[in-house]
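J.: Encoded as structure tokens, here's the structure I'll be asking about.
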Amino acid sequence: MVKRPAARVSDLDLEQLTSLFRLLSDKTRLNILILLSQGERNVTSLCQELDLPQPTVSHHLGLLRMNNLIGNRRDGKQVYYGINGRFQTPAENSLHFAVENYTIQIASRGSDGVPETEAESVA
């Protein structure tokens with residue numbers, strides 16, 4: 001077994017990572033992010049997709065927006081939400097989060113157990 005030197009992680013990096021994981025630990029917020037990775041949506045369409053009441057969805061959208069994970073734009077009376085520049089969506093059903101010196105990947109697994117983005121890059 002090869003031993004690697006221990007990497008020192010700064011307190012700031014750890015704080016930002018724990019904050020991100022705290023936000024992602026809620027299944028509703030994670031589901032919202034996955035839906036928004038497929039394109040912009042308004043609150044009504046998110047409520048229908050998630051089968052949740054508007055105040056609940058708006059609460060979670062507010063938390064994600066306050067932490068700069070999503071952004072919004074207004075078109076008349078409608079407000080559309082979408083993921084912001086901290087995210088990349090390199091493949092369907094995957095999200096990459098950039099936090100300081102780290103990238104966190106969430107991807108669905110293929111039938112062979114390999115994340116779809118890795119399977120595509122190998123093929």
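Identifiers for the structure tokens are assigned positionally: chains receive A, B, ... in sequence, residues are indexed from 1 per chain, and ligands are indexed from 1 in the order shown.
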A:Glu40: which residues within 8 Å, counting only C-alpha atoms, same-chain residues fewer than 6 positions away excluded, as a list of chain:residue names?

T.: A:Tyr80, A:Tyr81, A:Gly82, A:Ile83

J.: Tell me, as an MDAnalysis selection string, which residues lie within 12 Å of stretch 27-29 of chain A, counting only C-alpha atoms; anything in the same chain fewer than 6 positions away does not count.

T.: chainID A and resid 20:21 35:36 46:47 49:53 56:65 67 69:70

J.: Residues as selected, C-alpha atoms, written as a PDB file, in the first residue's frame, can you do that?

T.:
ATOM      1  CA  LEU A  20     -22.736  22.649   0.819  1.00  0.00           C
ATOM      2  CA  PHE A  21     -23.254  19.139   2.206  1.00  0.00           C
ATOM      3  CA  LEU A  35     -34.643  19.133 -11.876  1.00  0.00           C
ATOM      4  CA  LEU A  36     -33.024  22.526 -12.489  1.00  0.00           C
ATOM      5  CA  LEU A  46     -41.497  22.553  -9.565  1.00  0.00           C
ATOM      6  CA  CYS A  47     -44.511  22.169  -7.249  1.00  0.00           C
ATOM      7  CA  GLU A  49     -43.076  17.825 -10.390  1.00  0.00           C
ATOM      8  CA  LEU A  50     -42.280  17.446  -6.673  1.00  0.00           C
ATOM      9  CA  ASP A  51     -45.920  17.117  -5.577  1.00  0.00           C
ATOM     10  CA  LEU A  52     -45.302  19.672  -2.823  1.00  0.00           C
ATOM     11  CA  PRO A  53     -47.145  22.860  -1.813  1.00  0.00           C
ATOM     12  CA  THR A  56     -42.485  24.421   0.845  1.00  0.00           C
ATOM     13  CA  VAL A  57     -40.891  24.685  -2.595  1.00  0.00           C
ATOM     14  CA  SER A  58     -40.394  28.444  -2.204  1.00  0.00           C
ATOM     15  CA  HIS A  59     -38.690  27.911   1.161  1.00  0.00           C
ATOM     16  CA  HIS A  60     -36.188  25.458  -0.325  1.00  0.00           C
ATOM     17  CA  LEU A  61     -35.618  27.671  -3.390  1.00  0.00           C
ATOM     18  CA  GLY A  62     -34.879  30.572  -1.045  1.00  0.00           C
ATOM     19  CA  LEU A  63     -32.262  28.573   0.857  1.00  0.00           C
ATOM     20  CA  LEU A  64     -30.589  27.448  -2.361  1.00  0.00           C
ATOM     21  CA  ARG A  65     -30.649  31.004  -3.743  1.00  0.00           C
ATOM     22  CA  ASN A  67     -26.347  30.160  -0.730  1.00  0.00           C
ATOM     23  CA  LEU A  69     -26.485  27.500  -5.667  1.00  0.00           C
ATOM     24  CA  ILE A  70     -29.270  28.728  -7.934  1.00  0.00           C
TER      25      ILE A  70
END
